[in-house]
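Visitor: Encoded as structure tokens, here's the structure I'll be asking about.
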Amino acid sequence: MVLVGLFDYESQSRRSAINHVNLCPKRGASLFRNLLAVVIVVLCVCPHMMAQIGAGGIPPSFSRSPTRIPVTVQMPAVDTQALIAEDDQTGNDPYRFAAQIDVALNLGNSGSWQTLPNGDRLWQLRIVSPGAFSIGLLYDDWYIPAGGQLFIYNDDHSVVVGAFTSFNNWEYKKNITQHVAGDATTLEYLEPASKSGQSRLSIYKVCHAYRNLFGRGSLDDYGDSDGCEKNVNCPEGYPWQDEKRGVAMIIHNNSYQCSGSLINAFTPTYTVYPYFLTANHCYQSGDSLWIFYFNYESPGCANENGPLDQTIANAHLVARWATSDFALCQLSEAPPVAYNVYMNGWDRTIAPDSCVSIHHPAGDIKKISIERHPPTIEGWQYCDMAQTHWRMQHWEVGRTEGGSSCSPLFDAESGLIVGQLSGYCNTCYCGQCRSYYGRISNSWMGGGHTYDGLRHWLDPDSTGVTSVAGQYFYSPDNDASPVRPSHHCRSWREALPHPRGTTGPTASAPILRMCSTTTLLRVT
């Protein structure tokens, strides 16, 4: 419990400024969601821009007897050792874990159809990639009409994702579905009789995981990150139980892994958008397809598996700038209530005395790293650019690795984001790792345009605000459907005196006062 004293924020003086927007208290507010009414937040969602949130259910074939054997397509062999050697040579950042295999598999040229007694049609296709820890898929054409249902599962049915429905149609007609453990995956699509011939599913990439991010069985040596990494629910992470809920693992094009964080914006209209801050080098092209994994963490300090079903697929890129290596996107969907995510705050003026990073190194469960000394201001690219980055000389707790890239850097006192991880120079190992984070202050104006600066998005009304506190992104019921409040309501919170606890993540929750609830209108 060494760090409880270090992070005793209730006894520290708070940084204050006229233009600091304090929407919520800093530390230990994680219990308030269980005690009081929840905050209403807004995202106006078009029906064709839905996230990868499955509708649940059971594939129709599971209840049919005898089970029909799907048509199988086998992928060519993947040279795992050659890929790993290539990763070692390039530094593997972003963190590559899967090889992409070009295919052209669709509802017309692959798999098999059968007509059910009620007139509906069932299509099945089994894809095998020998030696894969898991298989993910990319689609260059995707349209599921109303009533259609797509399920994806492995051979032993231990992993079933879906049902994907018309809710999951993405406006660019491309799409991505998450990795399924094992070296064989089956697609099963139910097309209603009334929509016969209207469905489009075309797979153009099969992603063969040669690193074990999603197929782990034993937890004895869980994950691939370094032994000095600390799980976010160890004592070092107790003061960060709010901020951790904004950090997510990103899977890019089902082959690369990064980290990043939801980030709050100051909008006088009190609209809260699901903006997500990551790094420019995690974004590769206009064809980028992303899956965001929230709350992937061990429930305690020991290495235990975390949930992999709290996902959102796809996002709009709104701004990026290579110089400070930032990318800002807006998620395709408001996070469901059950995810209980946190919009992390930010500060563009502060010079931190100590720093914290929350991240997913090597695709592992969520970790926390701590630097107790002030960072220096330096360049990043080739380690000799203009002074655009914060440099961590070394980490007292944990470190950064491949997969940590793009994760947020927090000022340890205020808990606000001050940068995002670009990478590191030279050898990086436990106790000695020079990590470089693009500074929010440099990203603020960026290149001077709406598409390469943060200002237009995080302060759209040009108020001149220099920092914004974090807040939870909630709806008041336990329904994962998107909601649109009938009027805007942003929480205002007043922390009452409360002694800081020392026994766990929820021991220090202050009492909070919040705004009134709002009538909801369902988005259809």
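Ordered as shown in the structure tokens, chains take letters A, B, and onward, while each chain numbers its residues from 1 and ligands are numbered from 1 in the order shown.
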Out of stretch 97-340 of chain A, which residues get helix (DSSP H, G or I) from DSSP, as a PyMOL selection string?
Guide: chain A and resi 166-168+193-195+235-240+243-246+280-282+337-339
Visitor: Which of these, A:Leu416, A:Cys301, A:Leu138, A:Ala334, has the shortest distance to A:Val232 once you count only C-alpha atoms?
Guide: A:Cys301
Visitor: List every residue of stretch 105-131 of chain A that has an atom at most 6 Å from any atom of stretch 60-79 of chain A, giving for each one its closest atom pair and the distance in Å to one decimal, counting only C-alpha atoms, sorted by chain and then by ascending residue number, as JSON lines.
Guide:
```
{"residue": "A:Gly111", "atom": "CA", "partner": "A:Val71", "partner_atom": "CA", "distance": 5.1}
{"residue": "A:Gln124", "atom": "CA", "partner": "A:Pro70", "partner_atom": "CA", "distance": 5.6}
{"residue": "A:Leu125", "atom": "CA", "partner": "A:Val71", "partner_atom": "CA", "distance": 5.5}
{"residue": "A:Arg126", "atom": "CA", "partner": "A:Thr72", "partner_atom": "CA", "distance": 4.5}
{"residue": "A:Ile127", "atom": "CA", "partner": "A:Val73", "partner_atom": "CA", "distance": 5.0}
{"residue": "A:Val128", "atom": "CA", "partner": "A:Gln74", "partner_atom": "CA", "distance": 4.7}
{"residue": "A:Ser129", "atom": "CA", "partner": "A:Met75", "partner_atom": "CA", "distance": 4.9}
```
Visitor: Go ahead and write the residues just picked, all heavy atoms, as a tab-separated table (two decimals), in the first residue's frame.
Guide:
```tsv
chain	number	residue	atom	x	y	z
A	111	GLY	N	-19.49	-21.05	-48.83
A	111	GLY	CA	-20.44	-21.56	-47.86
A	111	GLY	C	-21.61	-22.26	-48.52
A	111	GLY	O	-21.58	-22.62	-49.71
A	124	GLN	N	-24.07	-20.84	-43.93
A	124	GLN	CA	-22.97	-21.18	-43.03
A	124	GLN	C	-21.67	-21.28	-43.82
A	124	GLN	O	-21.65	-21.76	-44.96
A	124	GLN	CB	-23.22	-22.52	-42.33
A	124	GLN	CG	-24.34	-22.48	-41.29
A	124	GLN	CD	-24.57	-23.85	-40.68
A	124	GLN	OE1	-24.91	-24.80	-41.38
A	124	GLN	NE2	-24.38	-23.95	-39.37
A	125	LEU	N	-20.58	-20.84	-43.20
A	125	LEU	CA	-19.25	-20.96	-43.76
A	125	LEU	C	-18.27	-21.14	-42.62
A	125	LEU	O	-18.28	-20.37	-41.66
A	125	LEU	CB	-18.87	-19.71	-44.57
A	125	LEU	CG	-17.41	-19.66	-45.06
A	125	LEU	CD1	-17.15	-20.76	-46.09
A	125	LEU	CD2	-17.09	-18.29	-45.65
A	126	ARG	N	-17.43	-22.17	-42.73
A	126	ARG	CA	-16.40	-22.44	-41.73
A	126	ARG	C	-15.04	-22.09	-42.33
A	126	ARG	O	-14.70	-22.51	-43.43
A	126	ARG	CB	-16.43	-23.90	-41.29
A	126	ARG	CG	-15.41	-24.27	-40.22
A	126	ARG	CD	-15.70	-25.70	-39.72
A	126	ARG	NE	-14.71	-26.16	-38.76
A	126	ARG	CZ	-13.66	-26.93	-39.06
A	126	ARG	NH1	-13.46	-27.30	-40.33
A	126	ARG	NH2	-12.81	-27.31	-38.13
A	127	ILE	N	-14.25	-21.30	-41.59
A	127	ILE	CA	-12.93	-20.87	-42.03
A	127	ILE	C	-11.89	-21.45	-41.07
A	127	ILE	O	-11.99	-21.29	-39.86
A	127	ILE	CB	-12.82	-19.34	-42.06
A	127	ILE	CG1	-13.84	-18.75	-43.03
A	127	ILE	CG2	-11.40	-18.90	-42.42
A	127	ILE	CD1	-13.92	-17.24	-42.99
A	128	VAL	N	-10.90	-22.13	-41.63
A	128	VAL	CA	-9.84	-22.74	-40.83
A	128	VAL	C	-8.51	-22.10	-41.22
A	128	VAL	O	-8.20	-21.97	-42.40
A	128	VAL	CB	-9.77	-24.26	-41.07
A	128	VAL	CG1	-8.57	-24.86	-40.32
A	128	VAL	CG2	-11.06	-24.93	-40.62
A	129	SER	N	-7.74	-21.67	-40.21
A	129	SER	CA	-6.39	-21.16	-40.43
A	129	SER	C	-5.47	-21.89	-39.46
A	129	SER	O	-5.37	-21.52	-38.28
A	129	SER	CB	-6.33	-19.64	-40.20
A	129	SER	OG	-5.11	-19.11	-40.65
```
Visitor: Quick one: DSSP strand (DSSP E) residues in stretch 152-267 of chain A, as a PyMOL selection string?
Guide: chain A and resi 152-154+160-164+175-181+184-191+200-209+230-231+247-252+256-262
Visitor: Please produce a file of the residues just selected, as a tab-separated table (two decimals), in the first residue's frame, where the atoms kept are N, CA and C atoms.
Guide:
```
chain	number	residue	atom	x	y	z
A	152	ILE	N	-21.07	-15.70	-35.08
A	152	ILE	CA	-19.75	-16.23	-35.36
A	152	ILE	C	-19.30	-17.01	-34.13
A	153	TYR	N	-18.79	-18.22	-34.33
A	153	TYR	CA	-18.43	-19.05	-33.18
A	153	TYR	C	-17.30	-19.99	-33.55
A	154	ASN	N	-16.64	-20.54	-32.52
A	154	ASN	CA	-15.57	-21.50	-32.74
A	154	ASN	C	-16.11	-22.92	-32.68
A	160	VAL	N	-19.08	-17.45	-28.68
A	160	VAL	CA	-20.12	-17.12	-29.66
A	160	VAL	C	-20.31	-15.61	-29.62
A	161	VAL	N	-20.16	-14.95	-30.75
A	161	VAL	CA	-20.39	-13.50	-30.81
A	161	VAL	C	-21.57	-13.23	-31.72
A	162	GLY	N	-22.31	-12.19	-31.40
A	162	GLY	CA	-23.52	-11.84	-32.12
A	162	GLY	C	-24.71	-11.91	-31.18
A	163	ALA	N	-25.90	-11.84	-31.71
A	163	ALA	CA	-26.18	-11.71	-33.13
A	163	ALA	C	-25.89	-10.29	-33.60
A	164	PHE	N	-25.22	-10.19	-34.77
A	164	PHE	CA	-25.07	-8.91	-35.44
A	164	PHE	C	-26.28	-8.73	-36.34
A	175	ASN	N	-16.82	-3.40	-42.62
A	175	ASN	CA	-17.03	-3.72	-41.20
A	175	ASN	C	-15.94	-4.66	-40.71
A	176	ILE	N	-16.00	-4.91	-39.42
A	176	ILE	CA	-15.03	-5.72	-38.71
A	176	ILE	C	-15.76	-6.51	-37.64
A	177	THR	N	-15.39	-7.76	-37.45
A	177	THR	CA	-15.91	-8.53	-36.31
A	177	THR	C	-14.74	-9.05	-35.51
A	178	GLN	N	-14.95	-9.14	-34.21
A	178	GLN	CA	-13.86	-9.39	-33.28
A	178	GLN	C	-13.28	-10.80	-33.42
A	179	HIS	N	-12.08	-10.96	-32.90
A	179	HIS	CA	-11.40	-12.25	-32.94
A	179	HIS	C	-12.16	-13.27	-32.10
A	180	VAL	N	-12.19	-14.49	-32.63
A	180	VAL	CA	-12.80	-15.62	-31.94
A	180	VAL	C	-11.70	-16.65	-31.70
A	181	ALA	N	-11.56	-17.10	-30.47
A	181	ALA	CA	-10.47	-18.01	-30.09
A	181	ALA	C	-10.53	-19.31	-30.87
A	184	ALA	N	-10.31	-22.24	-35.98
A	184	ALA	CA	-11.45	-22.42	-36.87
A	184	ALA	C	-12.61	-21.58	-36.39
A	185	THR	N	-13.26	-20.90	-37.32
A	185	THR	CA	-14.40	-20.06	-36.95
A	185	THR	C	-15.51	-20.27	-37.98
A	186	THR	N	-16.74	-20.29	-37.50
A	186	THR	CA	-17.90	-20.51	-38.36
A	186	THR	C	-18.79	-19.28	-38.36
A	187	LEU	N	-19.17	-18.85	-39.56
A	187	LEU	CA	-20.16	-17.79	-39.71
A	187	LEU	C	-21.50	-18.43	-40.00
A	188	GLU	N	-22.54	-17.96	-39.33
A	188	GLU	CA	-23.90	-18.47	-39.53
A	188	GLU	C	-24.83	-17.27	-39.66
A	189	TYR	N	-25.45	-17.15	-40.81
A	189	TYR	CA	-26.29	-15.99	-41.09
A	189	TYR	C	-27.73	-16.44	-41.39
A	190	LEU	N	-28.67	-15.86	-40.66
A	190	LEU	CA	-30.09	-16.13	-40.86
A	190	LEU	C	-30.72	-14.96	-41.61
A	191	GLU	N	-31.25	-15.24	-42.81
A	191	GLU	CA	-31.88	-14.20	-43.62
A	191	GLU	C	-33.39	-14.44	-43.65
A	200	ARG	N	-25.83	-8.60	-47.76
A	200	ARG	CA	-24.49	-8.57	-48.36
A	200	ARG	C	-23.45	-8.77	-47.26
A	201	LEU	N	-22.68	-9.82	-47.38
A	201	LEU	CA	-21.56	-10.08	-46.48
A	201	LEU	C	-20.40	-10.56	-47.34
A	202	SER	N	-19.33	-9.78	-47.39
A	202	SER	CA	-18.18	-10.13	-48.20
A	202	SER	C	-16.91	-9.96	-47.39
A	203	ILE	N	-16.21	-11.06	-47.14
A	203	ILE	CA	-14.98	-11.05	-46.35
A	203	ILE	C	-13.80	-10.86	-47.30
A	204	TYR	N	-12.93	-9.87	-47.00
A	204	TYR	CA	-11.76	-9.68	-47.84
A	204	TYR	C	-10.43	-9.89	-47.10
A	205	LYS	N	-10.49	-10.03	-45.78
A	205	LYS	CA	-9.28	-10.33	-45.00
A	205	LYS	C	-9.64	-11.33	-43.89
A	206	VAL	N	-8.87	-12.40	-43.83
A	206	VAL	CA	-8.91	-13.29	-42.67
A	206	VAL	C	-7.65	-13.00	-41.86
A	207	CYS	N	-7.82	-12.65	-40.60
A	207	CYS	CA	-6.70	-12.24	-39.75
A	207	CYS	C	-6.33	-13.37	-38.80
A	208	HIS	N	-5.17	-13.95	-39.05
A	208	HIS	CA	-4.65	-15.11	-38.34
A	208	HIS	C	-3.78	-14.61	-37.18
A	209	ALA	N	-4.22	-14.84	-35.95
A	209	ALA	CA	-3.47	-14.37	-34.77
A	209	ALA	C	-2.31	-15.32	-34.49
A	230	LYS	N	2.13	-3.64	-13.55
A	230	LYS	CA	1.18	-3.74	-12.43
A	230	LYS	C	-0.25	-3.67	-12.95
A	231	ASN	N	-1.06	-4.63	-12.54
A	231	ASN	CA	-2.47	-4.58	-12.90
A	231	ASN	C	-3.13	-3.34	-12.30
A	247	VAL	N	-10.10	4.22	-20.28
A	247	VAL	CA	-9.01	3.66	-21.10
A	247	VAL	C	-9.47	2.35	-21.74
A	248	ALA	N	-9.18	2.19	-23.01
A	248	ALA	CA	-9.60	0.99	-23.74
A	248	ALA	C	-8.45	0.43	-24.55
A	249	MET	N	-8.53	-0.84	-24.85
A	249	MET	CA	-7.63	-1.49	-25.79
A	249	MET	C	-8.23	-1.36	-27.19
A	250	ILE	N	-7.40	-0.98	-28.14
A	250	ILE	CA	-7.86	-0.80	-29.52
A	250	ILE	C	-7.29	-1.92	-30.38
A	251	ILE	N	-8.16	-2.54	-31.16
A	251	ILE	CA	-7.72	-3.48	-32.19
A	251	ILE	C	-7.96	-2.80	-33.53
A	252	HIS	N	-6.88	-2.63	-34.29
A	252	HIS	CA	-6.93	-1.92	-35.55
A	252	HIS	C	-6.80	-2.91	-36.71
A	256	TYR	N	-3.53	-5.22	-35.44
A	256	TYR	CA	-2.65	-4.38	-34.64
A	256	TYR	C	-3.38	-3.96	-33.36
A	257	GLN	N	-2.60	-3.77	-32.29
A	257	GLN	CA	-3.19	-3.41	-31.01
A	257	GLN	C	-2.55	-2.15	-30.46
A	258	CYS	N	-3.38	-1.23	-29.99
A	258	CYS	CA	-2.93	0.00	-29.35
A	258	CYS	C	-3.77	0.23	-28.10
A	259	SER	N	-3.55	1.36	-27.45
A	259	SER	CA	-4.35	1.78	-26.31
A	259	SER	C	-4.85	3.19	-26.56
A	260	GLY	N	-5.74	3.67	-25.73
A	260	GLY	CA	-6.24	5.03	-25.86
A	260	GLY	C	-7.27	5.31	-24.79
A	261	SER	N	-7.89	6.49	-24.85
A	261	SER	CA	-8.83	6.88	-23.80
A	261	SER	C	-9.95	7.75	-24.33
A	262	LEU	N	-11.13	7.54	-23.78
A	262	LEU	CA	-12.20	8.51	-23.96
A	262	LEU	C	-11.75	9.83	-23.36
```
Visitor: For A:Pro117, which of A:Pro192, A:Asn212, A:Ile358, A:Arg439 is the closest residue, counting only C-alpha atoms?
Guide: A:Pro192
Visitor: Could you list, with a cut-off of 8 Å and counting only C-alpha atoms, the residues of stretch 317-377 of chain A near stretch 444-448 of chain A, each shown with its nearest atom pair and the distance in Å rounded to one decimal, rows sorted by chain and ascending number, as JSON lines?
Guide:
```
{"residue": "A:Trp321", "atom": "CA", "partner": "A:Gly446", "partner_atom": "CA", "distance": 6.3}
{"residue": "A:Thr323", "atom": "CA", "partner": "A:Gly446", "partner_atom": "CA", "distance": 7.9}
{"residue": "A:Ser324", "atom": "CA", "partner": "A:Gly446", "partner_atom": "CA", "distance": 7.7}
{"residue": "A:Arg348", "atom": "CA", "partner": "A:Trp444", "partner_atom": "CA", "distance": 7.4}
```
Visitor: Go ahead and compute the interatomic distance for atom CA of A:Asn168 and atom CA of A:Leu277, in Å to one decimal.
Guide: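 It comes out at 22.9 Å.
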Visitor: Which residues are close to A:His373, i.e. within 6 Å by only C-alpha atoms, leaving aside same-chain residues fewer than 2 positions away? Reply as a PyMOL selection string.
Guide: chain A and resi 353-354+371
